[in-house]
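Worksheet: the structure to be examined is printed underneath.
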Amino acid sequence: MQADVKAAMRNHSDFIDQSLLTTILPGVQVAADHRLGDVNQGRPGPTVVLSGGMHGNEPAGVRAICRILATLRQDDVPVAGRLLGLCGNVGALRLGVRYTDRDLNRHWDAPSVAQLRATHGHTAEDVEQLELLHAFDEAVAQARGPVVHLDLHSMSADGVPFIVVCDHPQSVALARQLCLPGIAGLEKAIPATTIEYFTALGHIALAVEGGQHQSPSTEDTLESVAWLLLASVGAIAWSAVPDLAGRRERLRARGLDLPAVKVTYRHGISPNDHFRMRPGYRNLQPVHAGEVLAEDDHGPVRAPADGWILLPLYQPVGTDGFFIGSPVAHA
Ligand SMILES: [Zn+2]
């Protein structure tokens, strides 16, 4: 495998200029095709595509992927199938901003992708998306087994980490192995993400929100979820997961052992609203009908129903003010 990793990093000239990246992500090398690492030992098995930093202010996912690749290399871990680690919005990561021209994780529906392929687009994120599409398509075309995608994210607000689950039985089953609460319905509330792209192609796809961007536990949460996923799909043996019991224990504690939650409401915003979330809300915090959650130019913004708040917006950029979810019992 060392040879594989070295092959993935075979030539320094392949790497994007990383003078700015290294100030955000010390030691992280990103190949011109977004690869952080590409492990293929010639054994049959799944193709696992891990991506981090789809939002440039979320470097924890990139670091988590790099830690996994480094551990696989150092411990000489046998890997079945292929593990491809990808860096998302390289340009925005350099700048430490969520995106440069548009959200890179919002144009992965079939019509948008077809248009982008035909026109090649014109924004900074169009270029990033075309490069990622090339990497995704190559991984899918080369796959000799199931394709599994995990997209690693972090949040502006503090709160409970969770898994974004697609309406796909295999995705739901896989999410249950990952020791965090699963949120169903976000892929409809936040359409056209990378997990929608993979799911539409018939593959298994999940996203994980690992915690607040700068929280020290976020990188550990993202790394732990990715380790559990790798073992769950048979890419590595369970015994190869470093500190398996500790990782499961920490994930369950951070996820508060919460059940699955289904999204029932999205509060969309536009810049003209001057939306201001009230301070102190945490992800997956219970809220009650009528509770004032935020203010905008029209007055107070109230919770439409009892439920749990998801992704309260505490950053200046975005079109999703918050979501409300209701606990659902999984069959
Ligand atoms: Zn994100």
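Starting from 1 in every chain, residues are counted up; chains themselves are A, B, ... following the order of the structure tokens, and ligands are numbered from 1 as listed.
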Need to verify the contact set: A:Ala245, 12 Å, only C-alpha atoms, exclusion of same-chain residues closer than 6 positions in sequence. Can you return it as a short mmCIF file (atom, residue, chain, number, x, y, z; two decimals) with C-alpha atoms, in the first residue's frame?
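So the final result, stored in part31.cif, reads:
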```
data_model
loop_
_atom_site.label_atom_id
_atom_site.label_comp_id
_atom_site.auth_asym_id
_atom_site.auth_seq_id
_atom_site.Cartn_x
_atom_site.Cartn_y
_atom_site.Cartn_z
CA CYS A 179 -23.14 5.34 16.21
CA SER A 224 -14.32 7.89 13.70
CA TRP A 227 -13.38 4.36 10.18
CA LEU A 228 -16.67 2.72 11.16
CA TRP A 238 -13.02 -4.30 12.28
CA SER A 239 -9.79 -5.17 14.08
CA LEU A 251 -19.66 8.91 19.07
CA ARG A 252 -22.58 7.62 21.12
#
```
Given 10 Å and only C-alpha atoms and all ligand atoms, residues near ligand 1 as a PyMOL selection string: chain A and resi 52-59+61+98+103-105+151-156+207-210+213
Give me, as JSON lines, the closest atom pair and its distance (Å, one decimal) for every residue of stretch 122-231 of chain A within a cut-off of 9 Å of stretch 30-38 of chain A, counting only C-alpha atoms, rows sorted by chain and rising number.
```
{"residue": "A:Glu128", "atom": "CA", "partner": "A:His34", "partner_atom": "CA", "distance": 8.8}
{"residue": "A:Glu131", "atom": "CA", "partner": "A:Asp33", "partner_atom": "CA", "distance": 6.3}
{"residue": "A:Leu132", "atom": "CA", "partner": "A:His34", "partner_atom": "CA", "distance": 7.0}
{"residue": "A:His134", "atom": "CA", "partner": "A:Asp33", "partner_atom": "CA", "distance": 8.2}
{"residue": "A:Ala135", "atom": "CA", "partner": "A:Asp33", "partner_atom": "CA", "distance": 6.9}
```
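For A:Gly202, the set of protein, DNA and RNA residues having any atom at most 12 Å away, when counting only C-alpha atoms and skipping those fewer than 2 positions along the same chain, is A:Val140, A:Pro146, A:Val147, A:Val148, A:His149, A:Cys166, A:Asp167, A:His168, A:Pro169, A:Gln170, A:Ser171, A:Ile195, A:Glu196, A:Tyr197, A:Phe198, A:Thr199, A:Ala200, A:Ile204, A:Ala205.
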Can you pull out every residue within 8 Å of A:Asn283, counting only C-alpha atoms, but drop anything in the same chain fewer than 3 positions away, and send it as a short mmCIF file (atom, residue, chain, number, x, y, z; two decimals) with all heavy atoms, in the first residue's frame?
```
data_model
loop_
_atom_site.label_atom_id
_atom_site.label_comp_id
_atom_site.auth_asym_id
_atom_site.auth_seq_id
_atom_site.Cartn_x
_atom_site.Cartn_y
_atom_site.Cartn_z
N ALA A 157 -22.77 26.20 13.98
CA ALA A 157 -23.23 26.19 15.37
C ALA A 157 -22.71 24.96 16.10
O ALA A 157 -22.43 23.93 15.48
CB ALA A 157 -24.76 26.18 15.41
N ASP A 158 -22.57 25.08 17.40
CA ASP A 158 -22.22 23.92 18.20
C ASP A 158 -23.45 23.00 18.27
O ASP A 158 -24.56 23.43 18.00
CB ASP A 158 -21.83 24.37 19.61
CG ASP A 158 -20.97 23.34 20.30
OD1 ASP A 158 -20.69 22.29 19.70
OD2 ASP A 158 -20.57 23.60 21.45
N GLY A 159 -23.23 21.76 18.62
CA GLY A 159 -24.38 20.88 18.77
C GLY A 159 -24.06 19.44 18.46
O GLY A 159 -22.91 19.08 18.25
N VAL A 160 -25.09 18.65 18.41
CA VAL A 160 -24.95 17.20 18.28
C VAL A 160 -24.57 16.83 16.84
O VAL A 160 -25.25 17.24 15.91
CB VAL A 160 -26.27 16.51 18.67
CG1 VAL A 160 -26.16 15.00 18.52
CG2 VAL A 160 -26.67 16.89 20.08
N PRO A 161 -23.51 16.07 16.65
CA PRO A 161 -23.18 15.61 15.29
C PRO A 161 -24.20 14.58 14.82
O PRO A 161 -24.87 13.93 15.62
CB PRO A 161 -21.80 14.98 15.46
CG PRO A 161 -21.70 14.60 16.90
CD PRO A 161 -22.57 15.57 17.67
N TRP A 308 -37.14 19.34 16.98
CA TRP A 308 -35.73 19.57 17.29
C TRP A 308 -35.16 20.46 16.20
O TRP A 308 -35.39 20.22 15.01
CB TRP A 308 -34.97 18.26 17.36
CG TRP A 308 -35.44 17.37 18.48
CD1 TRP A 308 -36.37 17.67 19.43
CD2 TRP A 308 -34.99 16.06 18.76
NE1 TRP A 308 -36.54 16.61 20.28
CE2 TRP A 308 -35.71 15.60 19.89
CE3 TRP A 308 -34.06 15.20 18.17
CZ2 TRP A 308 -35.51 14.34 20.44
CZ3 TRP A 308 -33.87 13.94 18.73
CH2 TRP A 308 -34.58 13.53 19.85
N ILE A 309 -34.39 21.48 16.61
CA ILE A 309 -33.81 22.39 15.62
C ILE A 309 -32.56 21.75 15.02
O ILE A 309 -31.79 21.08 15.71
CB ILE A 309 -33.51 23.77 16.24
CG1 ILE A 309 -33.22 24.79 15.15
CG2 ILE A 309 -32.35 23.70 17.22
CD1 ILE A 309 -33.30 26.24 15.63
N LEU A 310 -32.42 21.93 13.71
CA LEU A 310 -31.28 21.39 12.99
C LEU A 310 -30.57 22.52 12.26
O LEU A 310 -31.22 23.37 11.64
CB LEU A 310 -31.72 20.35 11.96
CG LEU A 310 -32.38 19.09 12.52
CD1 LEU A 310 -33.17 18.38 11.43
CD2 LEU A 310 -31.32 18.17 13.08
N LEU A 311 -29.25 22.52 12.31
CA LEU A 311 -28.40 23.45 11.55
C LEU A 311 -28.82 24.91 11.70
O LEU A 311 -29.00 25.61 10.71
CB LEU A 311 -28.40 23.06 10.06
CG LEU A 311 -27.86 21.67 9.72
CD1 LEU A 311 -27.97 21.42 8.22
CD2 LEU A 311 -26.41 21.52 10.18
N PRO A 312 -28.97 25.42 12.94
CA PRO A 312 -29.23 26.86 13.08
C PRO A 312 -28.07 27.66 12.48
O PRO A 312 -26.92 27.31 12.68
CB PRO A 312 -29.35 27.06 14.58
CG PRO A 312 -28.59 25.92 15.19
CD PRO A 312 -28.75 24.76 14.24
#
```
Nearby residues (only C-alpha atoms) at most 7 Å from A:Lys262, same-chain spacing under 6 positions excluded, as a ChimeraX atom specification: /A:183-185,325-328
Suppose we keep N, CA and C atoms; can you now write the selection as a tab-separated table (two decimals), in the first residue's frame?
```tsv
chain	number	residue	atom	x	y	z
A	183	ILE	N	-30.33	11.58	10.31
A	183	ILE	CA	-31.37	12.55	9.97
A	183	ILE	C	-31.87	12.24	8.57
A	184	ALA	N	-33.12	11.90	8.46
A	184	ALA	CA	-33.71	11.62	7.15
A	184	ALA	C	-34.46	12.85	6.66
A	185	GLY	N	-34.44	13.07	5.36
A	185	GLY	CA	-35.21	14.17	4.78
A	185	GLY	C	-34.40	15.42	4.52
A	325	GLY	N	-36.87	19.17	12.96
A	325	GLY	CA	-37.03	17.74	12.77
A	325	GLY	C	-37.90	17.14	13.86
A	326	SER	N	-38.50	16.00	13.54
A	326	SER	CA	-39.29	15.26	14.52
A	326	SER	C	-38.69	13.88	14.67
A	327	PRO	N	-38.60	13.40	15.91
A	327	PRO	CA	-38.04	12.07	16.12
A	327	PRO	C	-38.93	11.02	15.43
A	328	VAL	N	-38.29	10.07	14.81
A	328	VAL	CA	-39.04	8.96	14.21
A	328	VAL	C	-38.40	7.66	14.68
```
Helix (DSSP H, G or I) positions in stretch 20-259 of chain A, given as a VMD selection string: chain A and resid 21 to 24 60 to 74 90 to 95 110 to 119 124 to 142 169 to 175 186 to 189 194 to 200 216 to 232 238 to 240 244 to 254
Atom-to-atom span, atom CA of A:Val165 and atom CA of A:Leu258, Å: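 Here the two named atoms are 14.6 Å from each other.
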Nearest to A:Asp75 by atom-to-atom distance, counting only C-alpha atoms, from A:Val301, A:Ala114, A:Ala240, A:Ala173: A:Ala240
